[in-house]
Structures are given as structure tokens and as C-alpha cells.
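File shown: run06.cif (mmCIF, C-alpha atoms).
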```
data_entry
loop_
_atom_site.group_PDB
_atom_site.id
_atom_site.type_symbol
_atom_site.label_atom_id
_atom_site.label_comp_id
_atom_site.auth_asym_id
_atom_site.auth_seq_id
_atom_site.Cartn_x
_atom_site.Cartn_y
_atom_site.Cartn_z
ATOM 1 C CA MET A 1 -21.548 -7.691 112.886
ATOM 2 C CA LYS A 2 -22.316 -4.442 111.096
ATOM 3 C CA VAL A 3 -21.835 -2.451 114.322
ATOM 4 C CA LEU A 4 -18.541 -4.192 115.057
ATOM 5 C CA PHE A 5 -17.311 -3.555 111.512
ATOM 6 C CA LYS A 6 -18.114 0.179 111.744
ATOM 7 C CA TYR A 7 -16.344 0.411 115.122
ATOM 8 C CA CYS A 8 -13.215 -1.257 113.772
ATOM 9 C CA LEU A 9 -13.236 1.063 110.767
ATOM 10 C CA ILE A 10 -13.367 4.174 112.997
ATOM 11 C CA VAL A 11 -10.483 2.917 115.174
ATOM 12 C CA ALA A 12 -8.381 2.160 112.087
ATOM 13 C CA SER A 13 -9.032 5.631 110.662
ATOM 14 C CA VAL A 14 -8.007 7.361 113.900
ATOM 15 C CA PHE A 15 -4.850 5.248 114.114
ATOM 16 C CA LEU A 16 -3.958 6.100 110.497
ATOM 17 C CA LEU A 17 -4.496 9.804 111.129
ATOM 18 C CA PHE A 18 -2.149 9.892 114.093
ATOM 19 C CA SER A 19 0.416 7.706 112.306
ATOM 20 C CA CYS A 20 0.556 10.089 109.333
ATOM 21 C CA THR A 21 0.929 13.087 111.644
ATOM 22 C CA LYS A 22 3.875 11.469 113.402
ATOM 23 C CA GLU A 23 5.686 10.461 110.199
ATOM 24 C CA THR A 24 5.430 13.861 108.475
ATOM 25 C CA GLU A 25 6.112 15.988 111.539
ATOM 26 C CA GLY A 26 9.203 18.188 111.014
ATOM 27 C CA VAL A 27 9.888 16.973 107.448
ATOM 28 C CA SER A 28 9.299 20.380 105.798
ATOM 29 C CA ARG A 29 12.152 22.861 106.307
ATOM 30 C CA ILE A 30 14.090 25.567 104.490
ATOM 31 C CA THR A 31 17.509 24.904 102.991
ATOM 32 C CA ASN A 32 19.928 27.763 102.303
ATOM 33 C CA TYR A 33 22.067 27.792 99.173
ATOM 34 C CA VAL A 34 25.327 29.560 98.439
ATOM 35 C CA GLU A 35 24.724 32.878 96.661
ATOM 36 C CA PHE A 36 27.133 34.183 94.029
ATOM 37 C CA GLU A 37 28.116 37.689 92.989
ATOM 38 C CA ILE A 38 30.025 37.502 89.697
ATOM 39 C CA LYS A 39 32.700 40.193 89.638
ATOM 40 C CA GLY A 40 33.453 42.031 86.401
ATOM 41 C CA ASP A 41 31.613 41.602 83.102
ATOM 42 C CA ASN A 42 29.366 38.719 82.123
ATOM 43 C CA PRO A 43 29.938 37.929 79.353
ATOM 44 C CA ALA A 44 33.591 38.856 79.546
ATOM 45 C CA ILE A 45 35.178 39.916 76.244
ATOM 46 C CA VAL A 46 38.870 39.339 75.575
ATOM 47 C CA GLN A 47 41.104 39.593 72.531
ATOM 48 C CA VAL A 48 42.358 36.465 70.822
ATOM 49 C CA GLY A 49 45.946 35.720 71.826
ATOM 50 C CA VAL A 50 45.706 37.615 75.132
ATOM 51 C CA PRO A 51 45.678 35.395 78.234
ATOM 52 C CA TYR A 52 42.354 35.473 80.029
ATOM 53 C CA ILE A 53 42.381 36.438 83.707
ATOM 54 C CA ASP A 54 39.094 35.746 85.440
ATOM 55 C CA ALA A 55 37.682 38.381 87.787
ATOM 56 C CA GLY A 56 36.230 35.740 90.076
ATOM 57 C CA VAL A 57 33.177 35.706 92.315
ATOM 58 C CA VAL A 58 32.146 36.446 95.868
ATOM 59 C CA ALA A 59 30.202 33.564 97.438
ATOM 60 C CA THR A 60 28.158 33.786 100.634
ATOM 61 C CA LEU A 61 26.125 31.302 102.638
ATOM 62 C CA GLU A 62 23.696 32.788 105.163
ATOM 63 C CA GLY A 63 25.711 36.002 105.106
ATOM 64 C CA LYS A 64 29.084 34.300 105.641
ATOM 65 C CA ASP A 65 31.857 34.500 103.039
ATOM 66 C CA VAL A 66 32.592 31.040 101.638
ATOM 67 C CA THR A 67 34.515 32.168 98.545
ATOM 68 C CA SER A 68 37.619 30.208 99.544
ATOM 69 C CA GLY A 69 35.675 26.968 99.139
ATOM 70 C CA ILE A 70 34.537 27.639 95.582
ATOM 71 C CA THR A 71 35.706 25.306 92.801
ATOM 72 C CA VAL A 72 36.400 26.947 89.429
ATOM 73 C CA ASN A 73 36.353 25.111 86.080
ATOM 74 C CA SER A 74 37.127 26.876 82.813
ATOM 75 C CA ASN A 75 37.374 25.806 79.172
ATOM 76 C CA VAL A 76 38.605 29.188 77.910
ATOM 77 C CA ASN A 77 41.098 28.936 75.039
ATOM 78 C CA TYR A 78 42.329 32.459 74.388
ATOM 79 C CA GLU A 79 44.167 31.335 71.226
ATOM 80 C CA ASP A 80 40.915 30.616 69.334
ATOM 81 C CA MET A 81 37.902 32.837 68.734
ATOM 82 C CA GLY A 82 34.789 31.475 70.345
ATOM 83 C CA MET A 83 32.450 31.488 73.316
ATOM 84 C CA TYR A 84 33.631 29.713 76.444
ATOM 85 C CA THR A 85 32.488 29.326 80.048
ATOM 86 C CA VAL A 86 33.882 29.651 83.544
ATOM 87 C CA GLU A 87 31.832 27.657 86.055
ATOM 88 C CA TYR A 88 31.876 28.310 89.800
ATOM 89 C CA THR A 89 30.636 25.499 92.078
ATOM 90 C CA SER A 90 29.955 25.892 95.786
ATOM 91 C CA PRO A 91 30.822 23.511 98.592
ATOM 92 C CA ASN A 92 27.935 21.503 100.044
ATOM 93 C CA ASN A 93 25.456 23.313 102.247
ATOM 94 C CA ALA A 94 24.017 21.797 105.449
ATOM 95 C CA ASP A 95 21.814 19.473 103.390
ATOM 96 C CA GLY A 96 24.619 18.309 101.111
ATOM 97 C CA LEU A 97 23.475 20.423 98.160
ATOM 98 C CA LYS A 98 25.606 22.530 95.817
ATOM 99 C CA SER A 99 24.880 25.629 93.752
ATOM 100 C CA ARG A 100 26.704 27.101 90.797
ATOM 101 C CA ALA A 101 27.122 30.185 88.638
ATOM 102 C CA VAL A 102 28.468 30.549 85.083
ATOM 103 C CA ARG A 103 30.319 33.335 83.305
ATOM 104 C CA ASP A 104 30.426 33.398 79.496
ATOM 105 C CA VAL A 105 33.723 34.443 77.933
ATOM 106 C CA ILE A 106 33.941 35.694 74.338
ATOM 107 C CA VAL A 107 37.345 35.507 72.688
ATOM 108 C CA CYS A 108 37.251 37.896 69.725
ATOM 109 C CA ASN A 109 39.525 39.429 67.103
ATOM 110 C CA PRO A 110 39.740 43.243 67.493
ATOM 111 C CA ASP A 111 41.152 43.569 63.974
ATOM 112 C CA VAL A 112 37.747 42.637 62.504
ATOM 113 C CA THR A 113 35.898 45.957 62.233
ATOM 114 C CA THR A 114 32.936 44.937 60.034
ATOM 115 C CA ASP A 115 29.590 45.090 61.814
ATOM 116 C CA LEU A 116 27.112 42.596 60.356
ATOM 117 C CA SER A 117 24.283 43.377 62.761
ATOM 118 C CA GLY A 118 20.800 43.950 61.359
ATOM 119 C CA LYS A 119 17.717 42.243 59.926
ATOM 120 C CA TYR A 120 18.368 40.244 56.767
ATOM 121 C CA THR A 121 16.133 38.820 54.034
ATOM 122 C CA GLY A 122 16.768 35.587 52.148
ATOM 123 C CA GLN A 123 17.732 36.228 48.523
ATOM 124 C CA ASP A 124 17.086 34.293 45.314
ATOM 125 C CA GLY A 125 19.110 31.110 45.452
ATOM 126 C CA THR A 126 18.207 30.422 49.094
ATOM 127 C CA GLN A 127 17.039 26.807 49.099
ATOM 128 C CA ARG A 128 16.854 23.551 51.010
ATOM 129 C CA THR A 129 18.366 20.421 49.460
ATOM 130 C CA THR A 130 17.427 16.883 50.473
ATOM 131 C CA LEU A 131 20.817 15.196 50.308
ATOM 132 C CA ALA A 132 19.606 11.697 49.435
ATOM 133 C CA SER A 133 17.444 12.698 46.467
ATOM 134 C CA GLY A 134 18.789 16.108 45.508
ATOM 135 C CA ALA A 135 15.274 17.567 45.696
ATOM 136 C CA LEU A 136 15.280 21.365 46.033
ATOM 137 C CA VAL A 137 12.892 23.671 47.885
ATOM 138 C CA PRO A 138 13.531 27.367 47.117
ATOM 139 C CA TYR A 139 12.479 29.735 49.910
ATOM 140 C CA PRO A 140 13.713 33.330 49.423
ATOM 141 C CA GLY A 141 11.970 36.183 51.226
ATOM 142 C CA TYR A 142 12.185 35.043 54.843
ATOM 143 C CA HIS A 143 14.318 36.579 57.538
ATOM 144 C CA SER A 144 17.159 36.300 60.039
ATOM 145 C CA THR A 145 18.430 38.819 62.575
ATOM 146 C CA ILE A 146 22.121 39.175 63.432
ATOM 147 C CA THR A 147 23.308 40.817 66.650
ATOM 148 C CA TYR A 148 26.791 42.249 67.245
ATOM 149 C CA LEU A 149 28.422 40.994 70.459
ATOM 150 C CA ALA A 150 32.128 41.783 70.031
ATOM 151 C CA PRO A 151 34.590 42.455 67.174
ATOM 152 C CA GLY A 152 34.101 39.623 64.668
ATOM 153 C CA PHE A 153 31.633 37.836 66.980
ATOM 154 C CA PHE A 154 27.904 37.669 66.279
ATOM 155 C CA LYS A 155 24.673 36.002 67.357
ATOM 156 C CA ILE A 156 22.005 34.934 64.851
ATOM 157 C CA ASP A 157 18.416 33.894 65.475
ATOM 158 C CA ASP A 158 18.260 31.433 62.579
ATOM 159 C CA PHE A 159 21.007 29.871 60.468
ATOM 160 C CA PHE A 160 18.191 28.458 58.295
ATOM 161 C CA GLY A 161 17.046 31.900 57.204
ATOM 162 C CA GLY A 162 13.482 31.473 58.455
ATOM 163 C CA TYR A 163 12.748 28.106 56.827
ATOM 164 C CA TYR A 164 11.008 26.609 59.860
ATOM 165 C CA ALA A 165 10.504 29.686 62.045
ATOM 166 C CA GLU A 166 8.704 31.820 59.465
ATOM 167 C CA ARG A 167 7.867 29.634 56.468
ATOM 168 C CA THR A 168 6.844 26.237 57.870
ATOM 169 C CA TYR A 169 5.837 26.786 61.509
ATOM 170 C CA PRO A 170 5.221 30.535 61.927
ATOM 171 C CA GLN A 171 2.915 29.888 64.889
ATOM 172 C CA TYR A 172 5.944 28.886 66.973
ATOM 173 C CA GLY A 173 8.355 31.574 65.800
ATOM 174 C CA TYR A 174 12.100 31.970 65.984
ATOM 175 C CA SER A 175 12.528 31.215 69.689
ATOM 176 C CA VAL A 176 11.357 27.626 69.099
ATOM 177 C CA MET A 177 11.940 26.908 65.420
ATOM 178 C CA GLY A 178 15.003 29.047 64.699
ATOM 179 C CA MET A 179 18.452 27.431 64.507
ATOM 180 C CA SER A 180 20.040 30.113 66.657
ATOM 181 C CA GLY A 181 23.703 30.388 67.564
ATOM 182 C CA TYR A 182 26.996 32.206 67.260
ATOM 183 C CA PHE A 183 29.469 32.707 64.444
ATOM 184 C CA ALA A 184 32.771 34.436 63.855
ATOM 185 C CA LEU A 185 33.661 36.746 60.961
ATOM 186 C CA ASN A 186 37.322 36.286 60.100
ATOM 187 C CA LEU A 187 39.743 38.828 58.627
ATOM 188 C CA ASP A 188 39.406 37.260 55.167
ATOM 189 C CA ASN A 189 35.592 37.653 55.392
ATOM 190 C CA THR A 190 34.994 33.933 55.806
ATOM 191 C CA ILE A 191 32.475 32.894 58.438
ATOM 192 C CA SER A 192 33.072 30.167 61.030
ATOM 193 C CA LEU A 193 30.446 28.425 63.123
ATOM 194 C CA ILE A 194 30.888 28.779 66.877
ATOM 195 C CA SER A 195 27.768 26.999 68.137
ATOM 196 C CA SER A 196 24.119 26.411 67.257
ATOM 197 C CA TYR A 197 20.909 25.137 68.820
ATOM 198 C CA ILE A 198 17.260 24.667 67.847
ATOM 199 C CA GLY A 199 14.749 24.426 70.675
ATOM 200 C CA ALA A 200 12.124 22.438 68.777
ATOM 201 C CA TRP A 201 14.328 19.360 68.479
ATOM 202 C CA GLY A 202 17.027 20.109 71.014
ATOM 203 C CA ASP A 203 19.960 19.587 68.664
ATOM 204 C CA SER A 204 22.349 21.586 66.490
ATOM 205 C CA LEU A 205 23.820 21.892 63.003
ATOM 206 C CA ASP A 206 25.989 19.088 61.680
ATOM 207 C CA LYS A 207 28.310 21.706 60.180
ATOM 208 C CA LEU A 208 28.460 25.076 58.449
ATOM 209 C CA GLU A 209 30.434 25.281 55.211
ATOM 210 C CA ASN A 210 31.305 27.960 52.629
ATOM 211 C CA GLY A 211 30.384 30.740 55.033
ATOM 212 C CA LYS A 212 31.395 34.174 53.758
ATOM 213 C CA TYR A 213 30.580 37.872 53.703
ATOM 214 C CA ASP A 214 30.877 39.722 50.379
ATOM 215 C CA PRO A 215 31.689 43.396 51.086
ATOM 216 C CA ASP A 216 30.862 44.370 47.485
ATOM 217 C CA THR A 217 27.300 42.993 47.479
ATOM 218 C CA GLU A 218 26.946 43.046 51.281
ATOM 219 C CA GLU A 219 25.557 39.526 51.112
ATOM 220 C CA ILE A 220 26.143 36.807 53.674
ATOM 221 C CA SER A 221 25.945 33.172 52.611
ATOM 222 C CA TRP A 222 26.615 29.656 53.895
ATOM 223 C CA ASP A 223 25.659 25.999 53.598
ATOM 224 C CA ALA A 224 24.065 24.752 56.818
ATOM 225 C CA TYR A 225 23.937 20.954 57.127
ATOM 226 C CA TYR A 226 21.353 19.431 59.447
ATOM 227 C CA ALA A 227 20.108 16.043 60.712
ATOM 228 C CA GLY A 228 22.363 14.133 58.315
ATOM 229 C CA SER A 229 19.845 14.616 55.527
ATOM 230 C CA MET A 230 19.441 18.287 54.614
ATOM 231 C CA MET A 231 21.512 21.231 53.470
ATOM 232 C CA PHE A 232 20.250 24.797 53.635
ATOM 233 C CA HIS A 233 21.986 27.125 51.184
ATOM 234 C CA VAL A 234 21.241 30.553 52.674
ATOM 235 C CA ILE A 235 21.933 33.927 51.033
ATOM 236 C CA LEU A 236 21.122 36.938 53.221
ATOM 237 C CA LYS A 237 21.072 40.668 52.564
ATOM 238 C CA LYS A 238 19.781 43.648 54.523
#
```
Please re-express this file's structure in C-alpha cells.
Amino acid sequence: MKVLFKYCLIVASVFLLFSCTKETEGVSRITNYVEFEIKGDNPAIVQVGVPYIDAGVVATLEGKDVTSGITVNSNVNYEDMGMYTVEYTSPNNADGLKSRAVRDVIVCNPDVTTDLSGKYTGQDGTQRTTLASGALVPYPGYHSTITYLAPGFFKIDDFFGGYYAERTYPQYGYSVMGMSGYFALNLDNTISLISSYIGAWGDSLDKLENGKYDPDTEEISWDAYYAGSMMFHVILKK
């Protein structure tokens, strides 16, 4: 019985080996995707109130021009300052798969000439408020960096002024713990939120209120509301 059992086991193993070879034969292959060349600038910068005309793309699939089959979707509103996108989507390739490319479009106000770029430090009065209890946590002395992108349009690495990125979780830094995003400086020196995002929790600000730049003191300040429970009153100065 032992000999018969061993023989049966060998036959079964050989059968399984050949069955697996048959089933997987020819499964692995290369699929080719549409490749995009975005024409013009990315991001594109246009003035508020001036109609946006997209420069388009050139799309190729295995060296053949397939640009005529590209679908274009845009949310650009040239009447309002902000960051928008133009998305280009390819037709299906031989395996039924699509590819895409995205152009960012910044609508800015050329009349705003103030450049807020630089590294800022939180000033006295910078504090976090727990909305339910009113409890305050002062935290001056931490930092945020502002980058100029276009007239009146800026990027910041932390709307919280370093509360999590430098004070609470410095081991993770600004790329993870900073509430980064974009804001607009208006002609009256008020500041408007464009967008925000924090990688650690994958969400954004609830709102940004009382944003302003004071040209006399060169201070920037705002109230950043987050998670329905906190407000960060941030005062920044170079």
C-alpha cells in the first residue's frame, strides 16, 4: 500500500506540473500606453478675467499620433483667482486601458505686486484653541515657508505655522505633518484660501478666516479651522 501511495503521489505531482505550465503559458505580455507631450507651460499662468486658451497635447501610441482621440476636461474659471486643472484622457489601448495627463492652471491677478515669499516665524499670539472648551495652547517660534508662484498667488508648507510639523511631531516634518496648500493675496491685502492638504490625515482645512497681510508690520495672520474642533490663530513674520 505504501508503494502504491507513493506512485500515485508522483503521478499527481507530474500532472499538476504540466497543468500549471499549460494554464500560465502566454499570460505575461507587455501592454503599451498612450504617451503625452504637454505643449506650453505646466503650470500655465493666466490673468484673471482673460479667457484661458489651452495649448493642448500631442499624444502617441507606439509611435503613432492619436491626438485626435484625446478627451479634454477642464474646470478652469478665468473669472476667479485659483488653481485649476485641464485633464487629458487617452482612448483605450489594445488591452482596453487608458492613460491621462494633467496640466495645472493658475489664474492670478497681475495688479497684486506684493511678494510674500520667504521663511516666516510664528509671533506672540500664535495659538491653538480647542473650540469646545476654549482651552488655549500658545506656540510662537515655529516656522512656515511661503513660495511665490504668480502675482498674488502663493504656496505655503504649513497653514498651522509648524504646530504639528515642528512642535508636536518633528520626526515626520513638514512633508507629512504640514497643512500645505495655496492662497491668494488680494488687492486689499486680505488673504483667501485656495486649497489645503495634510498628508498625515489625508484631509484639509475646514476654512480660513480673517486672513490678511499688514504692510506696515509685514505680518501675515489668519484663523485656520480644522477637524471641526480646533482653530489655529497664526501670526507670521520674516
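Distance annotation: of A:Leu116, A:Met177, A:Met230, A:Ile220, the residue with the minimal separation from A:Arg128 is A:Met230; atom set is all atoms listed in the file.
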Between atom CA of A:Ile106 and atom CA of A:Ala59 - distance in Å to one decimal: 23.5 Å
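Residues matched by the PyMOL selection byres ((chain A and resi 132) around 12) in this structure: A:Thr129, A:Thr130, A:Leu131, A:Ser133, A:Gly134, A:Ala135, A:Leu136, A:Gly228, A:Ser229, A:Met230, A:Met231.
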Residue with smallest distance to A:Thr126 - pool A:Tyr226, A:Tyr182, A:Phe153, A:Phe159, counting all atoms listed in the file: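 Among the listed residues, A:Phe159 lies closest to A:Thr126.
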Atom-to-atom span, atom CA of A:Ile191 and atom CA of A:Glu218, Å: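 These atoms are spaced 13.6 Å apart.
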Result set, the PyMOL selection byres ((chain A and resi 84) around 12) on current file, as a count of residues only: 30
